[in-house]
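Here the structure comes first, spelled out in structure tokens, and everything after it is commentary.
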Amino acid sequence: MSATDSTADGAGQEPTRRDFLYVTTGAVAAVGVGAVAWPLIHQMNPDASTKALASVEVDIGAIEPGQSIRVMWRGKPVFIRNRTDEEVEAAKAVPLDDLPDPQTDEERATPDNGNLLIMVGVCTHLGCIPLGEAGEYNGWFCPCHGSHYDTSGRIRKGPAPANLEIPEYTFLTDTTVRIG
Amino acid sequence: MSPIPSEKYVPQSAFMKWMEARLPIWGFLYPTAIAYPTPRNLNYFWTFGGILSFCLVVQIITGIVLAMHYTANVDMAFNSVEHIMRNVNYGWLIRYVHSNGASMFFLAVYIHMFRGLYYGSYKAPREVLWILGVIIFLLMMATAFMGYVLPWGQMSFWGATVIINLVGALPLVGDWITTWLLGGFAVGNPTLNRFFSLHYLLPFMIAGVVILHIWALHVPGNNNPTGVSVKTKQDTLPFHPYITMKDAFALVLFMILFAAFVFYAPNILGHTDNYIKANPLVTPAHIVPEWYLLPFYAILRAVPSKLGGVLLMFGSIGVLFILPWLDTSKVRSGAYRPLFKQFFWIFVVVCLGLGYLGAQPAEGGYVIAARILTTMYFLFFLAVLPLLGLFEKTKPLPNSITESVLGKNGGGGMAGAAASGATAAPESKA
């Protein structure tokens, strides 16, 4: 089993009682170290009070076409935009082959209202807040490192690897949505 | 290669004899910090080790004092910094010394690093010494980054957001690690608190690695401008008073520059946006790190892929770890390497250029320029240094340090006795 035993007793010997005790003691010690280390590591993960804020309810009834609101969710802004028909058409007209992260506009807009778009307003590159109605595609533009998103929030140009994230949400009524 | 052994301490007084028999601390310090034989030809670029020790002490002392008045909470941090500036007795002075002290620390460390690069101080037998230095540099960057977050201004917040999100580029575990580092889903109170804790801890870790750095320095002894190893006692001078006085004079000059920033332009190296309280809903139009991180930021942004940019940025420092094995030249000092000298200065300009580009918006010609300079940065390490050693015709080395200082005659018999190969003979084991 161990190198010292094989040199002392010659190779090919059966593992001794002592070998067994070494290995089991080491295994128990490793479990002990892990059990102590894990609380010290896990304490840095989001605490209960942070997780308790994990969902928000928003009234979206007053958002006219062409208007957007921003709400805070998990310390990040969520963009809720009632898009104009032109913006939706522009988004639908884009061939999927042109997209680094292919997604149709239908997959991103809310199911019942194709004009309404709810997404996390955090650039998928390094976490800046993109500016609305800006950039080369008249969607969102991140000023930090120059990522351009289209009117569907899909990445079109720049260093960001993915489309703006669509959070989990459910409509509680026609005008109230719960995010998270 | 072993250097000239240091003179031993022999206790004279009855008290010191008693003490040395119990705790031989002076017996350790005397040969290490007083009698330690140092090459006699060290120029002023060798004074930055002492200057850096001074910087670390200044940062620790001012930092401990600032921590007595600072509050690490997202609602109070920004105001507590203004409280230090306006209400605390001499708070403005202590904070300006601390914030400008970080810049002076990096100014000194960059000169120190370029010195090591030019004179080949990373080459055998000083590889471990160099690697410990790179570790100190990494710890310094981590400390400075976390310290910059503490005032909780706009640049604090968004700088932290951008840098922590870099980790998210890692495949599979990226998001998990990002949340773990943040202690939430975005930069917030848990992030500020842990950064304060670590910002207090890391300088002491730096001090620990500095001790290893000095230990690793004292085994082979100092490199010197000729790169020729110390051969005889005549090549050296005792550390005290010769080097201590030279270090002290350089330190005074450095402190004049330091004071000029603190008293006449305390905010010139900072960003005005950091006097706006952090706002998670508004990203500043143009996020820039502190000046000393700009070259690495430029490399990050030069790459059109998130993971690629992150890897290249860390690679730009990672390559320093293997530098001792990338440089194939047997001649240490750049003073005897005509081609290396030219590439070295091009490299300096490349680094400064990357620093300039890191402060510019990431668009158009700036991105193209950053790509070219990033390529040149890596080519210097991965192509120029390995190839130069094979093709470069180096200038003849002096036989000894003494000969280089006093000329062949002044060197007397000592130089002749120790000389082996006069021409471009590689500096090997002596």
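How things are named: the first chain in the structure tokens is A, the next is B, and so on; residues count from 1 in each chain; ligands count from 1 in the order shown.
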* Taking only C-alpha atoms into account, which residues of chain B are within 7 Å of chain A, as a PyMOL selection string? -> chain B and resi 161-162+165-166+179-181+183-186+281-283+285-287+301+304-306+362-363
Pull N, CA and C atoms from the residues just selected and write them as an mmCIF file, in the first residue's frame.
```
data_model
loop_
_atom_site.group_PDB
_atom_site.id
_atom_site.type_symbol
_atom_site.label_atom_id
_atom_site.label_comp_id
_atom_site.auth_asym_id
_atom_site.auth_seq_id
_atom_site.Cartn_x
_atom_site.Cartn_y
_atom_site.Cartn_z
ATOM 1 N N THR B 161 -18.048 46.428 -10.143
ATOM 2 C CA THR B 161 -18.969 45.643 -10.964
ATOM 3 C C THR B 161 -18.255 45.036 -12.170
ATOM 4 N N VAL B 162 -17.500 45.871 -12.873
ATOM 5 C CA VAL B 162 -16.823 45.398 -14.089
ATOM 6 C C VAL B 162 -15.790 44.326 -13.738
ATOM 7 N N ASN B 165 -17.309 41.032 -12.533
ATOM 8 C CA ASN B 165 -17.975 40.340 -13.637
ATOM 9 C C ASN B 165 -16.991 39.661 -14.581
ATOM 10 N N LEU B 166 -15.708 40.059 -14.494
ATOM 11 C CA LEU B 166 -14.693 39.373 -15.302
ATOM 12 C C LEU B 166 -14.698 37.891 -14.985
ATOM 13 N N THR B 179 -21.320 35.292 -7.894
ATOM 14 C CA THR B 179 -22.281 35.497 -6.809
ATOM 15 C C THR B 179 -21.621 35.305 -5.453
ATOM 16 N N TRP B 180 -20.723 34.317 -5.384
ATOM 17 C CA TRP B 180 -20.017 34.041 -4.134
ATOM 18 C C TRP B 180 -19.130 35.227 -3.734
ATOM 19 N N LEU B 181 -18.436 35.804 -4.725
ATOM 20 C CA LEU B 181 -17.575 36.951 -4.418
ATOM 21 C C LEU B 181 -18.402 38.161 -4.004
ATOM 22 N N GLY B 183 -21.505 38.155 -2.741
ATOM 23 C CA GLY B 183 -22.388 37.939 -1.601
ATOM 24 C C GLY B 183 -23.792 38.393 -1.901
ATOM 25 N N GLY B 184 -24.159 38.403 -3.171
ATOM 26 C CA GLY B 184 -25.482 38.840 -3.602
ATOM 27 C C GLY B 184 -25.541 38.723 -5.103
ATOM 28 N N PHE B 185 -26.522 39.401 -5.698
ATOM 29 C CA PHE B 185 -26.671 39.309 -7.153
ATOM 30 C C PHE B 185 -26.062 40.507 -7.857
ATOM 31 N N ALA B 186 -25.670 41.502 -7.077
ATOM 32 C CA ALA B 186 -24.966 42.662 -7.613
ATOM 33 C C ALA B 186 -24.046 43.185 -6.512
ATOM 34 N N LEU B 281 -28.191 52.404 -10.476
ATOM 35 C CA LEU B 281 -29.043 52.533 -11.663
ATOM 36 C C LEU B 281 -28.375 53.319 -12.776
ATOM 37 N N VAL B 282 -27.303 54.013 -12.490
ATOM 38 C CA VAL B 282 -26.667 54.846 -13.511
ATOM 39 C C VAL B 282 -25.198 54.474 -13.655
ATOM 40 N N THR B 283 -24.852 54.002 -14.832
ATOM 41 C CA THR B 283 -23.454 53.712 -15.110
ATOM 42 C C THR B 283 -22.799 54.987 -15.629
ATOM 43 N N ALA B 285 -20.695 57.402 -17.932
ATOM 44 C CA ALA B 285 -20.544 57.285 -19.387
ATOM 45 C C ALA B 285 -19.262 56.546 -19.744
ATOM 46 N N HIS B 286 -18.278 56.605 -18.879
ATOM 47 C CA HIS B 286 -16.971 56.112 -19.270
ATOM 48 C C HIS B 286 -16.264 55.608 -18.013
ATOM 49 N N ILE B 287 -16.238 54.289 -17.853
ATOM 50 C CA ILE B 287 -15.611 53.719 -16.661
ATOM 51 C C ILE B 287 -14.112 53.563 -16.902
ATOM 52 N N ARG B 301 -9.865 45.156 -23.021
ATOM 53 C CA ARG B 301 -10.856 45.664 -23.961
ATOM 54 C C ARG B 301 -10.441 45.470 -25.410
ATOM 55 N N PRO B 304 -12.228 41.143 -28.740
ATOM 56 C CA PRO B 304 -13.679 41.184 -28.939
ATOM 57 C C PRO B 304 -14.428 40.029 -28.276
ATOM 58 N N SER B 305 -13.770 39.209 -27.495
ATOM 59 C CA SER B 305 -14.479 38.122 -26.794
ATOM 60 C C SER B 305 -14.275 38.294 -25.299
ATOM 61 N N LYS B 306 -15.326 38.034 -24.522
ATOM 62 C CA LYS B 306 -15.263 38.271 -23.081
ATOM 63 C C LYS B 306 -14.208 37.393 -22.414
ATOM 64 N N ALA B 362 -13.582 52.743 -25.742
ATOM 65 C CA ALA B 362 -13.281 51.535 -26.513
ATOM 66 C C ALA B 362 -13.995 51.585 -27.848
ATOM 67 N N GLU B 363 -13.466 52.375 -28.768
ATOM 68 C CA GLU B 363 -14.122 52.460 -30.076
ATOM 69 C C GLU B 363 -13.104 52.832 -31.139
#
```
* To do: Determine which residues of range 63-118 of chain A receive a DSSP assignment of alpha helix (DSSP H), computed from the backbone, and state them as a list of chain:residue names.
  => A:Asp85, A:Glu86, A:Glu87, A:Val88, A:Glu89, A:Ala90, A:Ala91, A:Lys92, A:Asp105, A:Glu106, A:Glu107, A:Arg108
Generate the output file for the selected residues, all heavy atoms, as a short mmCIF file (atom, residue, chain, number, x, y, z; two decimals), in the first residue's frame.
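Produced file part.cif, reproduced below:
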```cif
data_model
loop_
_atom_site.label_atom_id
_atom_site.label_comp_id
_atom_site.auth_asym_id
_atom_site.auth_seq_id
_atom_site.Cartn_x
_atom_site.Cartn_y
_atom_site.Cartn_z
N ASP A 85 -44.66 49.73 -32.41
CA ASP A 85 -44.81 48.71 -33.46
C ASP A 85 -43.60 48.69 -34.38
O ASP A 85 -43.19 47.62 -34.85
CB ASP A 85 -46.09 48.98 -34.25
CG ASP A 85 -47.33 48.76 -33.37
OD1 ASP A 85 -47.22 47.99 -32.39
OD2 ASP A 85 -48.38 49.36 -33.67
N GLU A 86 -43.04 49.88 -34.66
CA GLU A 86 -41.88 49.93 -35.55
C GLU A 86 -40.70 49.17 -34.95
O GLU A 86 -39.96 48.47 -35.65
CB GLU A 86 -41.44 51.39 -35.80
CG GLU A 86 -42.45 52.26 -36.54
CD GLU A 86 -43.54 52.81 -35.63
OE1 GLU A 86 -43.17 53.50 -34.65
OE2 GLU A 86 -44.73 52.52 -35.87
N GLU A 87 -40.54 49.31 -33.64
CA GLU A 87 -39.43 48.63 -32.98
C GLU A 87 -39.60 47.12 -33.04
O GLU A 87 -38.66 46.37 -33.28
CB GLU A 87 -39.34 49.07 -31.50
CG GLU A 87 -38.78 50.47 -31.33
CD GLU A 87 -38.85 50.96 -29.88
OE1 GLU A 87 -39.55 50.34 -29.07
OE2 GLU A 87 -38.22 51.97 -29.59
N VAL A 88 -40.85 46.66 -32.86
CA VAL A 88 -41.11 45.22 -32.91
C VAL A 88 -40.87 44.71 -34.32
O VAL A 88 -40.24 43.66 -34.52
CB VAL A 88 -42.55 44.94 -32.44
CG1 VAL A 88 -42.85 43.45 -32.55
CG2 VAL A 88 -42.74 45.41 -31.01
N GLU A 89 -41.35 45.46 -35.32
CA GLU A 89 -41.13 45.04 -36.71
C GLU A 89 -39.65 44.96 -37.03
O GLU A 89 -39.19 44.01 -37.68
CB GLU A 89 -41.80 46.03 -37.67
CG GLU A 89 -43.28 45.76 -37.87
CD GLU A 89 -43.99 46.94 -38.52
OE1 GLU A 89 -43.35 47.60 -39.35
OE2 GLU A 89 -45.15 47.19 -38.16
N ALA A 90 -38.92 45.98 -36.58
CA ALA A 90 -37.47 45.99 -36.83
C ALA A 90 -36.83 44.75 -36.20
O ALA A 90 -35.95 44.11 -36.80
CB ALA A 90 -36.84 47.26 -36.25
N ALA A 91 -37.27 44.38 -35.01
CA ALA A 91 -36.69 43.22 -34.32
C ALA A 91 -37.05 41.94 -35.06
O ALA A 91 -36.22 41.03 -35.20
CB ALA A 91 -37.19 43.16 -32.88
N LYS A 92 -38.29 41.86 -35.56
CA LYS A 92 -38.73 40.63 -36.22
C LYS A 92 -38.09 40.46 -37.59
O LYS A 92 -37.98 39.34 -38.10
CB LYS A 92 -40.25 40.64 -36.36
CG LYS A 92 -40.94 40.36 -35.03
CD LYS A 92 -42.43 40.23 -35.18
CE LYS A 92 -43.02 39.82 -33.82
NZ LYS A 92 -44.45 40.06 -33.75
N ASP A 105 -37.73 37.27 -31.75
CA ASP A 105 -38.35 38.29 -30.91
C ASP A 105 -39.48 37.69 -30.08
O ASP A 105 -39.69 38.08 -28.94
CB ASP A 105 -38.86 39.44 -31.78
CG ASP A 105 -39.26 40.63 -30.92
OD1 ASP A 105 -38.41 41.10 -30.15
OD2 ASP A 105 -40.43 41.05 -31.00
N GLU A 106 -40.21 36.70 -30.65
CA GLU A 106 -41.31 36.07 -29.93
C GLU A 106 -40.81 35.36 -28.67
O GLU A 106 -41.51 35.31 -27.65
CB GLU A 106 -42.05 35.05 -30.82
CG GLU A 106 -42.93 35.68 -31.89
CD GLU A 106 -42.14 36.12 -33.11
OE1 GLU A 106 -40.91 35.90 -33.13
OE2 GLU A 106 -42.74 36.69 -34.04
N GLU A 107 -39.61 34.81 -28.74
CA GLU A 107 -39.07 34.11 -27.57
C GLU A 107 -38.73 35.07 -26.44
O GLU A 107 -38.58 34.65 -25.29
CB GLU A 107 -37.79 33.35 -27.95
CG GLU A 107 -38.04 32.11 -28.79
CD GLU A 107 -36.75 31.50 -29.30
OE1 GLU A 107 -35.92 32.21 -29.88
OE2 GLU A 107 -36.59 30.29 -29.13
N ARG A 108 -38.58 36.36 -26.78
CA ARG A 108 -38.12 37.32 -25.77
C ARG A 108 -39.25 38.19 -25.22
O ARG A 108 -39.24 38.55 -24.06
CB ARG A 108 -37.01 38.20 -26.36
CG ARG A 108 -35.78 37.36 -26.74
CD ARG A 108 -34.68 38.21 -27.31
NE ARG A 108 -34.28 39.29 -26.43
CZ ARG A 108 -33.50 39.16 -25.36
NH1 ARG A 108 -33.03 37.96 -25.06
NH2 ARG A 108 -33.20 40.19 -24.62
#
```
* To do: With a distance cut-off of 8 Å and only C-alpha atoms, select the neighbouring residues of Gly153 in chain B, excluding the residue or stretch itself and same-chain residues fewer than 5 positions from it, and output the selection as an MDAnalysis selection string.
  => chainID B and resid 78 273:278
Same residues, N, CA and C atoms, saved as a PDB file, in the first residue's frame:
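This went into again12.pdb:
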```pdb
ATOM      1  N   PHE B  78     -19.837  56.516   1.916  1.00  0.00           N
ATOM      2  CA  PHE B  78     -19.520  57.747   1.188  1.00  0.00           C
ATOM      3  C   PHE B  78     -19.463  58.935   2.138  1.00  0.00           C
ATOM      4  N   ASP B 273     -15.690  61.472 -10.916  1.00  0.00           N
ATOM      5  CA  ASP B 273     -16.941  60.735 -10.693  1.00  0.00           C
ATOM      6  C   ASP B 273     -16.965  60.017  -9.353  1.00  0.00           C
ATOM      7  N   ASN B 274     -15.785  59.820  -8.745  1.00  0.00           N
ATOM      8  CA  ASN B 274     -15.789  59.115  -7.474  1.00  0.00           C
ATOM      9  C   ASN B 274     -16.205  60.021  -6.316  1.00  0.00           C
ATOM     10  N   TYR B 275     -16.439  61.302  -6.625  1.00  0.00           N
ATOM     11  CA  TYR B 275     -17.037  62.183  -5.622  1.00  0.00           C
ATOM     12  C   TYR B 275     -18.559  62.238  -5.787  1.00  0.00           C
ATOM     13  N   ILE B 276     -19.111  61.352  -6.627  1.00  0.00           N
ATOM     14  CA  ILE B 276     -20.561  61.169  -6.704  1.00  0.00           C
ATOM     15  C   ILE B 276     -20.862  59.845  -6.029  1.00  0.00           C
ATOM     16  N   LYS B 277     -21.836  59.839  -5.132  1.00  0.00           N
ATOM     17  CA  LYS B 277     -22.147  58.606  -4.407  1.00  0.00           C
ATOM     18  C   LYS B 277     -22.603  57.506  -5.371  1.00  0.00           C
ATOM     19  N   ALA B 278     -22.230  56.271  -5.058  1.00  0.00           N
ATOM     20  CA  ALA B 278     -22.547  55.129  -5.914  1.00  0.00           C
ATOM     21  C   ALA B 278     -24.049  55.053  -6.192  1.00  0.00           C
TER      22      ALA B 278
END
```
* All residues 7 Å or closer to Leu116 in chain A, only C-alpha atoms, same chain fewer than 5 positions away omitted, as a list in words -> Arg81, Asn82, Arg83, Ala109 and Thr110 of chain A
Dump of C-alpha atoms for the selected residues, as a tab-separated table (two decimals), in the first residue's frame:
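result.tsv, freshly written:
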```
chain	number	residue	atom	x	y	z
A	81	ARG	CA	-40.45	48.53	-22.18
A	82	ASN	CA	-43.72	48.83	-24.06
A	83	ARG	CA	-42.17	48.89	-27.51
A	109	ALA	CA	-41.29	39.42	-25.62
A	110	THR	CA	-44.03	38.65	-23.09
```
* Determine the nearest neighbour of Pro95 in chain A from the options A:Phe171, A:Val23, A:Val36, A:Arg156, counting only C-alpha atoms. => A:Arg156
* Atom pair CA of Asn189 in chain B / CA of Ile64 in chain B: separation (Å) -> 21.2 Å
Residue neighbourhood Leu257 in chain B, 12 Å, only C-alpha atoms, exclusion window fewer than 4 positions, as a short mmCIF file (atom, residue, chain, number, x, y, z; two decimals) with C-alpha atoms, in the first residue's frame:
```cif
data_model
loop_
_atom_site.label_atom_id
_atom_site.label_comp_id
_atom_site.auth_asym_id
_atom_site.auth_seq_id
_atom_site.Cartn_x
_atom_site.Cartn_y
_atom_site.Cartn_z
CA VAL B 97 -1.51 60.64 1.77
CA ASN B 100 -1.89 59.38 -3.40
CA GLY B 101 0.30 56.90 -1.57
CA SER B 103 -0.24 55.93 -6.81
CA MET B 104 3.28 56.58 -5.52
CA LEU B 107 4.97 54.47 -9.63
CA ALA B 108 7.84 53.08 -7.55
CA ALA B 250 16.65 58.95 -3.01
CA LEU B 251 13.82 58.60 -0.51
CA VAL B 252 13.96 62.32 0.26
CA LEU B 253 13.65 63.14 -3.45
CA PHE B 261 0.90 65.50 -5.17
CA VAL B 262 -0.54 65.46 -1.65
CA PHE B 263 -0.38 69.22 -1.10
CA TYR B 264 -0.72 70.71 -4.58
CA ALA B 265 -2.67 68.23 -6.71
CA PRO B 266 -4.28 65.69 -4.38
#
```
* Nearest to Leu96 in chain A among A:Ile155, A:Val33, A:Leu53, A:Leu164, with distances taken over only C-alpha atoms: which residue is it? ->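 Once distances to Leu96 in chain A are computed over only C-alpha atoms, the minimum belongs to A:Ile155.
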* Near-range 30-33 of chain B list (12 Å; only C-alpha atoms; drop same-chain fewer than 2 positions) as a ChimeraX atom specification -> /B:4-11,20,24-28,35-38,50,214-215,217-219,221,238-244
* So which one's closest to Tyr137 in chain A, A:Ala27, A:Val94, A:Thr84, A:Pro111? Using only C-alpha atoms, please. -> A:Val94
* From the list A:Tyr149, A:Ile60, A:Gly114, A:Gly132, which residue is nearest Thr173 in chain A when using only C-alpha atoms? ->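 Between A:Tyr149, A:Ile60, A:Gly114, A:Gly132, the residue approaching Thr173 in chain A most closely is A:Ile60.
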* Exercise: range 223-230 of chain B partners within 8 Å, only C-alpha atoms, chain neighbours under 4 positions left out, as a PyMOL selection string -> chain B and resi 1+3-4+39+41-43+119-121+235-236+331-333+335-336+397-401+404+427+430
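Using only C-alpha atoms, the nearest neighbour of Ala102 in chain B within the list B:Thr178, B:Pro203, B:Tyr366, B:Met68 is B:Pro203.
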* Asked: Rounded to one decimal in Å, what is the spacing between CA of Val349 in chain B and CA of Val384 in chain B?
  ->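 Separation between CA of Val349 in chain B and CA of Val384 in chain B: 15.4 Å.
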* For Asp174 in chain A, which residue out of A:Asp59, A:Asp101, A:Asp19, A:Glu64 is the nearest one, using only C-alpha atoms? ->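 Answer, going by the shortest atom-to-atom distance: A:Asp59.
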* If you run DSSP on this backbone, which residues of chain A come out as strand (DSSP E or B), and could you give them as a ChimeraX atom specification? -> /A:56-59,67-73,76-82,116-120,131-134,139-142,147-149,155-157,169-171,176-179
